>>> print(open('structure35.cif').read())   # mmCIF, C-alpha atoms
data_query
#
loop_
_atom_site.label_atom_id
_atom_site.label_comp_id
_atom_site.auth_asym_id
_atom_site.auth_seq_id
_atom_site.Cartn_x
_atom_site.Cartn_y
_atom_site.Cartn_z
CA MET A 1 0.00 0.00 0.00
CA ASN A 2 2.86 2.33 0.92
CA ILE A 3 4.57 1.97 -2.47
CA LEU A 4 1.34 2.18 -4.47
CA TRP A 5 0.04 5.20 -2.59
CA THR A 6 3.30 7.14 -2.74
CA THR A 7 3.97 6.36 -6.41
CA LEU A 8 0.47 7.32 -7.59
CA LEU A 9 0.53 10.48 -5.47
CA ILE A 10 3.92 11.62 -6.81
CA ILE A 11 3.01 10.93 -10.44
CA SER A 12 -0.29 12.80 -10.08
CA ILE A 13 1.34 15.80 -8.40
CA ILE A 14 4.09 16.02 -11.06
CA LEU A 15 1.50 15.76 -13.84
CA LEU A 16 -0.53 18.51 -12.23
CA ILE A 17 2.56 20.73 -11.73
CA ILE A 18 3.20 20.54 -15.47
CA ASN A 19 -0.38 21.38 -16.46
CA GLN A 20 -1.82 23.64 -13.76
CA PRO A 21 0.63 24.26 -10.90
CA ASN A 22 -1.83 26.49 -9.01
CA SER A 23 -4.29 23.72 -8.40
CA VAL A 24 -1.95 21.22 -6.71
CA PHE A 25 -2.52 22.40 -3.18
CA SER A 26 -6.23 23.08 -3.65
CA ALA A 27 -6.68 19.56 -5.05
CA LEU A 28 -5.06 18.05 -1.95
CA ILE A 29 -7.21 20.18 0.37
CA GLY A 30 -10.26 19.32 -1.76
CA GLY A 31 -9.59 15.64 -1.07
CA GLY A 32 -9.33 16.42 2.65
CA GLU A 33 -12.67 18.22 2.52
CA LYS A 34 -14.33 15.30 0.79
CA SER A 35 -13.00 12.92 3.43
CA ILE A 36 -14.54 15.09 6.18
CA THR A 37 -17.91 15.05 4.40
CA LEU A 38 -17.68 11.28 3.97
CA ALA A 39 -16.50 10.78 7.55
CA LEU A 40 -19.53 12.71 8.88
CA LYS A 41 -21.89 10.65 6.74
CA LEU A 42 -20.20 7.40 7.80
CA TRP A 43 -20.25 8.52 11.42
CA ALA A 44 -24.04 8.89 11.29
CA ILE A 45 -24.42 5.49 9.64
CA TYR A 46 -22.01 3.76 12.06
CA ALA A 47 -23.64 5.39 15.11
CA VAL A 48 -27.03 3.98 14.15
CA TRP A 49 -25.71 0.57 13.16
CA LEU A 50 -23.32 0.18 16.09
CA GLY A 51 -26.27 1.02 18.35
CA LEU A 52 -28.44 -1.62 16.76
CA LEU A 53 -25.59 -4.14 16.57
CA LYS A 54 -24.98 -3.72 20.29
CA LEU A 55 -28.56 -4.96 20.77
CA VAL A 56 -27.72 -7.94 18.58
CA GLU A 57 -24.84 -8.63 20.96
CA THR A 58 -26.64 -8.09 24.28
CA SER A 59 -29.63 -10.18 23.20
CA GLU A 60 -27.14 -12.87 22.07
CA LEU A 61 -28.66 -12.91 18.62
CA ASP A 62 -25.10 -12.89 17.25
CA LYS A 63 -24.44 -16.28 18.87
CA LYS A 64 -27.54 -17.66 17.15
CA LEU A 65 -26.29 -16.24 13.84
CA ALA A 66 -22.85 -17.69 14.43
CA ARG A 67 -24.34 -21.12 15.03
CA PHE A 68 -26.30 -20.81 11.79
CA PHE A 69 -23.23 -19.70 9.82
CA SER A 70 -20.87 -22.10 11.60
CA PRO A 71 -20.33 -24.64 8.77
CA LEU A 72 -19.83 -21.85 6.23
CA LEU A 73 -17.45 -20.00 8.57
CA ARG A 74 -15.41 -23.15 9.14
CA PHE A 75 -15.17 -23.73 5.38
CA LEU A 76 -14.09 -20.14 4.69
CA PHE A 77 -11.95 -19.19 7.66
CA GLY A 78 -10.79 -22.45 9.23
CA ASP A 79 -10.57 -22.68 13.02
CA ILE A 80 -11.47 -19.38 14.67
CA ASN A 81 -12.67 -18.55 18.17
CA ASN A 82 -16.26 -17.73 19.07
CA ASN A 83 -15.91 -13.96 19.48
CA ILE A 84 -14.48 -13.68 15.96
CA LYS A 85 -17.24 -15.98 14.67
CA ASN A 86 -19.92 -13.68 16.10
CA GLN A 87 -18.44 -10.60 14.42
CA LEU A 88 -17.94 -12.46 11.14
CA SER A 89 -21.58 -13.62 11.09
CA ILE A 90 -22.77 -10.04 11.57
CA ASN A 91 -20.43 -8.99 8.76
CA LEU A 92 -21.77 -11.70 6.43
CA THR A 93 -25.39 -10.87 7.27
CA GLY A 94 -24.76 -7.20 6.45
CA ASN A 95 -23.21 -8.17 3.12
CA ILE A 96 -26.08 -10.46 2.15
CA PHE A 97 -28.72 -7.85 3.02
CA GLY A 98 -26.87 -5.30 0.90
CA ILE A 99 -26.10 -2.96 3.80
CA GLY A 100 -22.35 -2.82 3.22
CA ASN A 101 -21.86 0.14 5.54
CA ALA A 102 -23.41 -1.77 8.41
CA SER A 103 -20.97 -4.63 7.98
CA VAL A 104 -17.87 -2.41 8.10
CA PRO A 105 -17.77 -1.99 11.93
CA SER A 106 -18.07 -5.74 12.51
CA GLY A 107 -15.48 -6.40 9.80
CA ILE A 108 -12.99 -4.04 11.47
CA GLU A 109 -13.68 -5.64 14.85
CA ALA A 110 -13.26 -9.17 13.45
CA MET A 111 -9.96 -8.13 11.85
CA TYR A 112 -8.77 -6.59 15.11
CA LEU A 113 -9.65 -9.73 17.10
CA MET A 114 -7.80 -11.92 14.61
CA TYR A 115 -4.80 -9.60 14.79
CA LYS A 116 -4.76 -9.64 18.60
CA GLU A 117 -4.69 -13.41 18.52
CA GLN A 118 -1.84 -13.50 16.06
CA PRO A 119 0.01 -10.19 15.65
CA SER A 120 2.13 -9.98 12.51
CA ARG A 121 3.06 -7.55 9.76
CA SER A 122 1.28 -9.37 6.96
CA PRO A 123 -2.29 -10.70 6.96
CA THR A 124 -3.07 -14.34 7.75
CA PHE A 125 -5.24 -16.65 5.68
CA ALA A 126 -8.43 -15.78 7.60
CA MET A 127 -7.77 -12.03 7.41
CA SER A 128 -7.26 -12.20 3.65
CA MET A 129 -10.44 -14.23 3.27
CA LEU A 130 -12.35 -11.52 5.14
CA ILE A 131 -11.05 -8.87 2.72
CA LEU A 132 -11.93 -11.02 -0.28
CA ILE A 133 -15.50 -11.78 0.86
CA ASN A 134 -16.10 -8.10 1.43
CA SER A 135 -14.60 -7.14 -1.95
CA CYS A 136 -16.98 -9.42 -3.80
CA ASN A 137 -20.06 -7.62 -2.51
CA LEU A 138 -22.26 -10.68 -2.16
CA GLN A 139 -25.87 -9.51 -1.90
CA ILE A 140 -29.29 -10.97 -2.66
CA ILE A 141 -30.95 -7.71 -3.66
CA PRO A 142 -28.71 -4.84 -4.76
CA SER A 143 -31.33 -2.30 -3.62
CA THR A 144 -29.23 0.86 -4.10
CA ILE A 145 -28.41 0.01 -7.72
CA ILE A 146 -32.02 -0.92 -8.51
CA GLY A 147 -33.13 2.39 -6.99
CA LEU A 148 -30.67 4.31 -9.16
CA ARG A 149 -31.87 2.46 -12.27
CA MET A 150 -35.48 3.25 -11.42
CA LEU A 151 -34.66 6.94 -11.06
CA SER A 152 -32.87 6.94 -14.44
CA GLY A 153 -36.06 5.76 -16.17
CA SER A 154 -35.33 2.06 -16.62
CA GLN A 155 -38.20 -0.06 -17.97
CA ASN A 156 -36.99 -3.06 -16.03
CA PRO A 157 -34.80 -1.94 -13.12
CA ALA A 158 -34.68 -5.38 -11.48
CA SER A 159 -33.40 -7.12 -14.65
CA ILE A 160 -29.86 -6.96 -13.27
CA ILE A 161 -30.59 -9.13 -10.19
CA PHE A 162 -30.14 -12.46 -11.95
CA PRO A 163 -26.88 -11.66 -13.79
CA SER A 164 -25.54 -10.01 -10.61
CA ILE A 165 -26.12 -13.16 -8.58
CA ILE A 166 -24.44 -15.33 -11.24
CA VAL A 167 -21.42 -13.01 -11.48
CA SER A 168 -21.16 -12.78 -7.66
CA ILE A 169 -21.12 -16.56 -7.33
CA ILE A 170 -18.50 -16.99 -10.06
CA SER A 171 -16.23 -14.31 -8.61
CA LEU A 172 -16.59 -15.70 -5.09
CA VAL A 173 -15.59 -19.16 -6.30
CA ILE A 174 -12.55 -17.76 -8.14
CA GLY A 175 -11.56 -15.50 -5.23
CA ILE A 176 -11.95 -18.12 -2.51
CA THR A 177 -9.93 -20.61 -4.55
CA LEU A 178 -7.14 -18.07 -5.08
CA VAL A 179 -6.97 -17.13 -1.40
CA LYS A 180 -6.88 -20.82 -0.44
CA LEU A 181 -4.09 -21.38 -2.96
CA PHE A 182 -1.95 -18.39 -2.00
CA TYR A 183 -2.29 -18.46 1.77
CA LYS A 184 -1.43 -21.41 3.90
CA ARG A 185 -4.08 -22.19 6.45
CA ILE A 186 -2.79 -22.30 10.00
CA LYS A 187 -3.21 -25.74 11.45
CA ARG A 188 -3.73 -26.04 15.18
CA MET B 1 -40.17 -6.20 -1.48
CA SER B 2 -36.64 -4.96 -0.89
CA ALA B 3 -38.11 -1.79 0.64
CA TYR B 4 -39.43 -3.84 3.59
CA LEU B 5 -36.30 -5.93 4.12
CA LEU B 6 -34.26 -3.40 6.07
CA PRO B 7 -37.05 -1.98 8.27
CA ALA B 8 -38.16 -5.54 9.04
CA LEU B 9 -34.62 -6.44 10.09
CA ILE B 10 -34.45 -3.42 12.42
CA VAL B 11 -37.85 -4.16 14.00
CA PHE B 12 -36.77 -7.77 14.47
CA ILE B 13 -33.56 -6.74 16.27
CA LEU B 14 -35.56 -4.46 18.60
CA LEU B 15 -38.29 -7.01 19.30
CA TYR B 16 -35.74 -9.74 19.95
CA SER B 17 -33.92 -7.66 22.54
CA VAL B 18 -37.29 -6.92 24.24
CA TYR B 19 -38.03 -10.64 24.21
CA LYS B 20 -34.63 -11.33 25.79
CA LYS B 21 -35.42 -8.70 28.48
CA THR B 22 -32.30 -6.61 27.81
CA ASN B 23 -32.15 -2.84 28.24
CA ALA B 24 -32.48 -1.81 24.59
CA TYR B 25 -32.06 1.91 25.28
CA LYS B 26 -28.83 1.45 27.21
CA GLY B 27 -27.53 -1.06 24.66
CA PHE B 28 -28.19 1.30 21.78
CA THR B 29 -26.52 4.29 23.42
CA ASP B 30 -23.50 2.18 24.42
CA GLY B 31 -23.13 0.96 20.86
CA ALA B 32 -23.60 4.40 19.33
CA LYS B 33 -20.89 5.74 21.65
CA SER B 34 -18.31 3.40 20.12
CA SER B 35 -18.90 4.97 16.69
CA PHE B 36 -16.77 7.90 17.89
CA ASP B 37 -13.68 5.72 18.34
CA LEU B 38 -14.33 3.90 15.09
CA ILE B 39 -14.54 7.07 13.03
CA LEU B 40 -11.36 8.45 14.67
CA THR B 41 -9.56 5.21 13.79
CA ILE B 42 -10.52 5.22 10.12
CA PHE B 43 -10.36 8.98 9.50
CA PRO B 44 -6.62 9.25 8.66
CA TYR B 45 -7.01 6.48 6.10
CA LEU B 46 -10.06 8.17 4.60
CA VAL B 47 -8.05 11.37 4.11
CA ALA B 48 -5.11 9.49 2.57
CA ILE B 49 -7.22 7.62 0.04
CA LEU B 50 -9.61 10.45 -0.90
CA MET B 51 -6.78 12.97 -1.25
CA LEU B 52 -4.98 10.62 -3.61
CA PHE B 53 -8.19 9.99 -5.53
CA GLU B 54 -8.91 13.73 -5.89
CA ILE B 55 -5.48 14.62 -7.27
CA TYR B 56 -5.48 11.49 -9.42
CA THR B 57 -8.69 12.70 -11.12
CA ILE B 58 -7.80 16.42 -11.35
CA SER B 59 -4.33 15.71 -12.81
CA ASN B 60 -6.05 13.75 -15.62
CA LEU B 61 -3.93 10.74 -14.79
CA ASN B 62 -7.20 8.77 -14.90
CA VAL B 63 -7.77 9.82 -18.54
CA ALA B 64 -4.21 8.85 -19.46
CA PHE B 65 -4.74 5.58 -17.65
CA SER B 66 -8.02 4.87 -19.48
CA SER B 67 -6.68 5.55 -22.96
CA PHE B 68 -3.54 3.53 -22.23
CA PHE B 69 -5.52 0.44 -21.25
CA ALA B 70 -8.45 0.88 -23.67
CA PRO B 71 -7.07 -1.37 -26.48
CA PHE B 72 -6.20 -4.17 -24.09
CA LEU B 73 -9.59 -4.00 -22.33
CA GLY B 74 -11.40 -3.74 -25.67
CA PHE B 75 -9.71 -6.97 -26.67
CA LEU B 76 -11.23 -8.61 -23.57
CA GLY B 77 -14.69 -7.29 -24.46
CA ILE B 78 -14.80 -4.41 -21.97
CA PRO B 79 -16.19 -1.21 -23.58
CA LYS B 80 -14.04 1.89 -23.04
CA GLU B 81 -17.00 3.81 -21.57
CA LEU B 82 -16.77 1.58 -18.49
CA ILE B 83 -13.06 2.01 -17.73
CA GLU B 84 -13.46 5.08 -15.56
CA LEU B 85 -16.21 3.43 -13.50
CA ILE B 86 -14.03 0.36 -13.00
CA VAL B 87 -11.06 2.42 -11.76
CA ILE B 88 -13.06 4.80 -9.55
CA LYS B 89 -15.05 1.97 -7.96
CA ASN B 90 -11.91 0.49 -6.45
CA PHE B 91 -11.21 3.67 -4.49
CA SER B 92 -14.62 4.72 -3.27
CA GLY B 93 -18.06 3.17 -3.26
CA ALA B 94 -19.74 6.58 -3.25
CA GLY B 95 -17.61 7.74 -6.21
CA GLY B 96 -18.56 4.56 -8.07
CA LEU B 97 -22.27 5.19 -7.49
CA ALA B 98 -21.96 8.78 -8.77
CA MET B 99 -20.17 7.47 -11.87
CA LEU B 100 -22.85 4.79 -12.39
CA GLU B 101 -25.61 7.39 -12.22
CA ASN B 102 -23.75 9.45 -14.80
CA LEU B 103 -23.47 6.44 -17.16
CA LEU B 104 -27.14 5.50 -16.68
CA VAL B 105 -28.24 9.03 -17.61
CA THR B 106 -25.83 9.35 -20.56
CA TYR B 107 -26.37 5.98 -22.22
CA GLY B 108 -29.78 4.95 -20.78
CA ALA B 109 -30.34 2.49 -17.94
CA ASP B 110 -31.49 -0.30 -20.28
CA SER B 111 -28.70 0.10 -22.84
CA TYR B 112 -25.82 -2.39 -22.99
CA ILE B 113 -23.49 0.06 -21.25
CA GLY B 114 -26.14 0.79 -18.61
CA ARG B 115 -26.75 -2.88 -17.87
CA CYS B 116 -23.02 -3.71 -17.69
CA ALA B 117 -22.36 -0.73 -15.42
CA SER B 118 -25.22 -1.72 -13.08
CA VAL B 119 -24.03 -5.31 -12.73
CA ILE B 120 -20.41 -4.20 -12.21
CA ALA B 121 -21.50 -1.79 -9.48
CA ALA B 122 -23.64 -4.48 -7.85
CA THR B 123 -21.01 -7.21 -7.81
CA SER B 124 -17.79 -5.63 -6.59
CA GLU B 125 -16.79 -3.41 -3.71
CA ALA B 126 -14.14 -0.71 -3.36
CA VAL B 127 -11.10 -2.96 -2.88
CA PHE B 128 -8.65 -0.24 -1.76
CA PHE B 129 -11.18 1.35 0.57
CA ILE B 130 -12.16 -1.96 2.17
CA SER B 131 -8.57 -3.12 2.71
CA VAL B 132 -7.31 0.17 4.12
CA ILE B 133 -10.28 0.57 6.47
CA TYR B 134 -10.41 -3.05 7.62
CA PHE B 135 -6.72 -3.11 8.54
CA SER B 136 -6.88 0.33 10.19
CA LYS B 137 -7.12 -1.03 13.75
CA THR B 138 -4.14 -3.37 13.27
CA LYS B 139 -0.47 -2.78 12.54
CA ILE B 140 -0.57 -4.87 9.38
CA GLU B 141 1.14 -3.15 6.45
CA LYS B 142 2.04 -5.79 3.90
CA TYR B 143 -1.28 -6.62 2.31
CA GLY B 144 -0.40 -6.16 -1.36
CA LYS B 145 -1.00 -9.83 -2.11
CA ILE B 146 -4.64 -9.88 -1.03
CA ILE B 147 -5.31 -6.57 -2.84
CA ALA B 148 -3.89 -8.13 -6.01
CA ILE B 149 -6.09 -11.22 -5.58
CA ALA B 150 -9.22 -9.13 -4.92
CA LEU B 151 -8.53 -6.85 -7.90
CA PHE B 152 -7.87 -9.81 -10.18
CA THR B 153 -11.09 -11.52 -9.05
CA ASN B 154 -13.09 -8.35 -9.67
CA PHE B 155 -11.46 -7.97 -13.07
CA ILE B 156 -12.46 -11.49 -14.13
CA SER B 157 -16.02 -10.84 -12.95
CA ILE B 158 -16.12 -7.67 -15.08
CA ILE B 159 -15.09 -9.62 -18.18
CA ILE B 160 -17.83 -12.17 -17.47
CA THR B 161 -20.36 -9.39 -16.83
CA CYS B 162 -19.68 -7.80 -20.24
CA GLN B 163 -20.39 -11.17 -21.90
CA ILE B 164 -23.52 -12.07 -19.89
CA CYS B 165 -25.07 -8.62 -20.38
CA LYS B 166 -25.14 -9.16 -24.15
CA PHE B 167 -27.91 -11.72 -23.61
CA ILE B 168 -30.20 -10.09 -21.04
#
>>> encode(input="structure35.cif", output="structure tokens")
Amino acid sequence: MNILWTTLLIISIILLIINQPNSVFSALIGGGEKSITLALKLWAIYAVWLGLLKLVETSELDKKLARFFSPLLRFLFGDINNNIKNQLSINLTGNIFGIGNASVPSGIEAMYLMYKEQPSRSPTFAMSMLILINSCNLQIIPSTIIGLRMLSGSQNPASIIFPSIIVSIISLVIGITLVKLFYKRIKR
Amino acid sequence: MSAYLLPALIVFILLYSVYKKTNAYKGFTDGAKSSFDLILTIFPYLVAILMLFEIYTISNLNVAFSSFFAPFLGFLGIPKELIELIVIKNFSGAGGLAMLENLLVTYGADSYIGRCASVIAATSEAVFFISVIYFSKTKIEKYGKIIAIALFTNFISIIITCQICKFI
């Protein structure tokens, strides 16, 4: 990430210095401004979801979820402890319902718990799997996209559901296989 | 139907905590409190990635990037109109949605471009954003390998999307 970020940033700045040197600084500040706007929006979303998710925890609904997801979690992540399982099941549920923003807090927490158990500089098999699952955006009903299509005057806004599910499944299969190939699972 | 899914889920969570006789009000406020720490943790990473994205777009590096890769992507069946969406989507989900809206209005939601763009937006997440934010609470730095795998997977799914959308 360090190399990629620094390289892209330097190339962009040099390119901008050549074309319009006055806008370099304002572009950087503009990015900062956008991140504040986004952070405020995310804060509102996370406050509501973390509140609701706390209820999921205190009512032990997360343990029920974890039991339901247990075979799937074992297949994907290998042996993991129960606290991590609970967070991962909330994360998966959020993904499936198409509320990606709601699954971010539980994803971060799951990652942190895995890290605490096994601190290292590079991600383990389970950590990488978590990133992959969340990159594939598995969802039953992509409600935001359908809404956008409706607003743009589509005759059949829901026509994309079927191809989306097929593509999601194919990319999950490819991704999971690659992660399993490239990361050694830790045997205990 | 999808309009009822989310509200139903929220009502269910509330009813279940009543059924389990927990203090829902206290639970909610405790949970909401932790959003403060979470947002402080991810904020530096948000700035880093959005600042890069902003200067990357303004410097026209994205245009150079698109025209450089257009022939190669065209060979794989990916129309050049979609390149910008594909690149932007990896940095920010919100940026990707704005780009999708733009494409839907320009080419029509039911056109080939519109259908491809919708499926692409529905089937992949912002890889850079997700990785940076998810690792933000840890000291893990070397995660290039999983980013490469996630990007490659998304890329394959885009190629498949452009083929499938010819038939629907």
>>> residues_around(input="structure35.cif", residues="Lys85 (chain A)", least_positions_apart="2", cutoff="10 Å", atoms="only C-alpha atoms", output="JSON list (two decimals) with C-alpha atoms, keeping the file's coordinate frame")
[["chain", "number", "residue", "atom", "x", "y", "z"],
["A", 62, "ASP", "CA", -25.10, -12.89, 17.25],
["A", 63, "LYS", "CA", -24.44, -16.28, 18.87],
["A", 65, "LEU", "CA", -26.29, -16.24, 13.84],
["A", 66, "ALA", "CA", -22.85, -17.69, 14.43],
["A", 67, "ARG", "CA", -24.34, -21.12, 15.03],
["A", 69, "PHE", "CA", -23.23, -19.70, 9.82],
["A", 70, "SER", "CA", -20.87, -22.10, 11.60],
["A", 73, "LEU", "CA", -17.45, -20.00, 8.57],
["A", 74, "ARG", "CA", -15.41, -23.15, 9.14],
["A", 77, "PHE", "CA", -11.95, -19.19, 7.66],
["A", 79, "ASP", "CA", -10.57, -22.68, 13.02],
["A", 80, "ILE", "CA", -11.47, -19.38, 14.67],
["A", 81, "ASN", "CA", -12.67, -18.55, 18.17],
["A", 82, "ASN", "CA", -16.26, -17.73, 19.07],
["A", 83, "ASN", "CA", -15.91, -13.96, 19.48],
["A", 87, "GLN", "CA", -18.44, -10.60, 14.42],
["A", 88, "LEU", "CA", -17.94, -12.46, 11.14],
["A", 89, "SER", "CA", -21.58, -13.62, 11.09],
["A", 90, "ILE", "CA", -22.77, -10.04, 11.57],
["A", 91, "ASN", "CA", -20.43, -8.99, 8.76],
["A", 110, "ALA", "CA", -13.26, -9.17, 13.45]]
>>> resolve_selection(input="structure35.cif", expression="the PyMOL selection byres ((chain A and resi 38-53) around 6)", output="NGL selection string")
(:A and (35-37 or 54-56 or 102)) or (:B and (28 or 31-32 or 35))
>>> resolve_selection(input="structure35.cif", expression="the PyMOL selection byres ((chain A and resi 133) around 9)", output="PyMOL selection string")
(chain A and resi 92+95+128-132+134-138+172+175-176) or (chain B and resi 150)
>>> resolve_selection(input="structure35.cif", expression="the PyMOL selection byres ((chain A and resi 9) around 9)", output="PDB file with C-alpha atoms, in the coordinates of the input")
ATOM      1  CA  LEU A   4       1.340   2.180  -4.470  1.00  0.00           C
ATOM      2  CA  TRP A   5       0.040   5.200  -2.590  1.00  0.00           C
ATOM      3  CA  THR A   6       3.300   7.140  -2.740  1.00  0.00           C
ATOM      4  CA  THR A   7       3.970   6.360  -6.410  1.00  0.00           C
ATOM      5  CA  LEU A   8       0.470   7.320  -7.590  1.00  0.00           C
ATOM      6  CA  ILE A  10       3.920  11.620  -6.810  1.00  0.00           C
ATOM      7  CA  ILE A  11       3.010  10.930 -10.440  1.00  0.00           C
ATOM      8  CA  SER A  12      -0.290  12.800 -10.080  1.00  0.00           C
ATOM      9  CA  ILE A  13       1.340  15.800  -8.400  1.00  0.00           C
ATOM     10  CA  ILE A  14       4.090  16.020 -11.060  1.00  0.00           C
TER      11      ILE A  14
ATOM     12  CA  MET B  51      -6.780  12.970  -1.250  1.00  0.00           C
ATOM     13  CA  LEU B  52      -4.980  10.620  -3.610  1.00  0.00           C
ATOM     14  CA  PHE B  53      -8.190   9.990  -5.530  1.00  0.00           C
ATOM     15  CA  ILE B  55      -5.480  14.620  -7.270  1.00  0.00           C
ATOM     16  CA  TYR B  56      -5.480  11.490  -9.420  1.00  0.00           C
TER      17      TYR B  56
END
>>> interface_residues(input="structure35.cif", of="chain B", to="chain A", cutoff="7 Å", atoms="all atoms listed in the file", output="count of residues only")
59
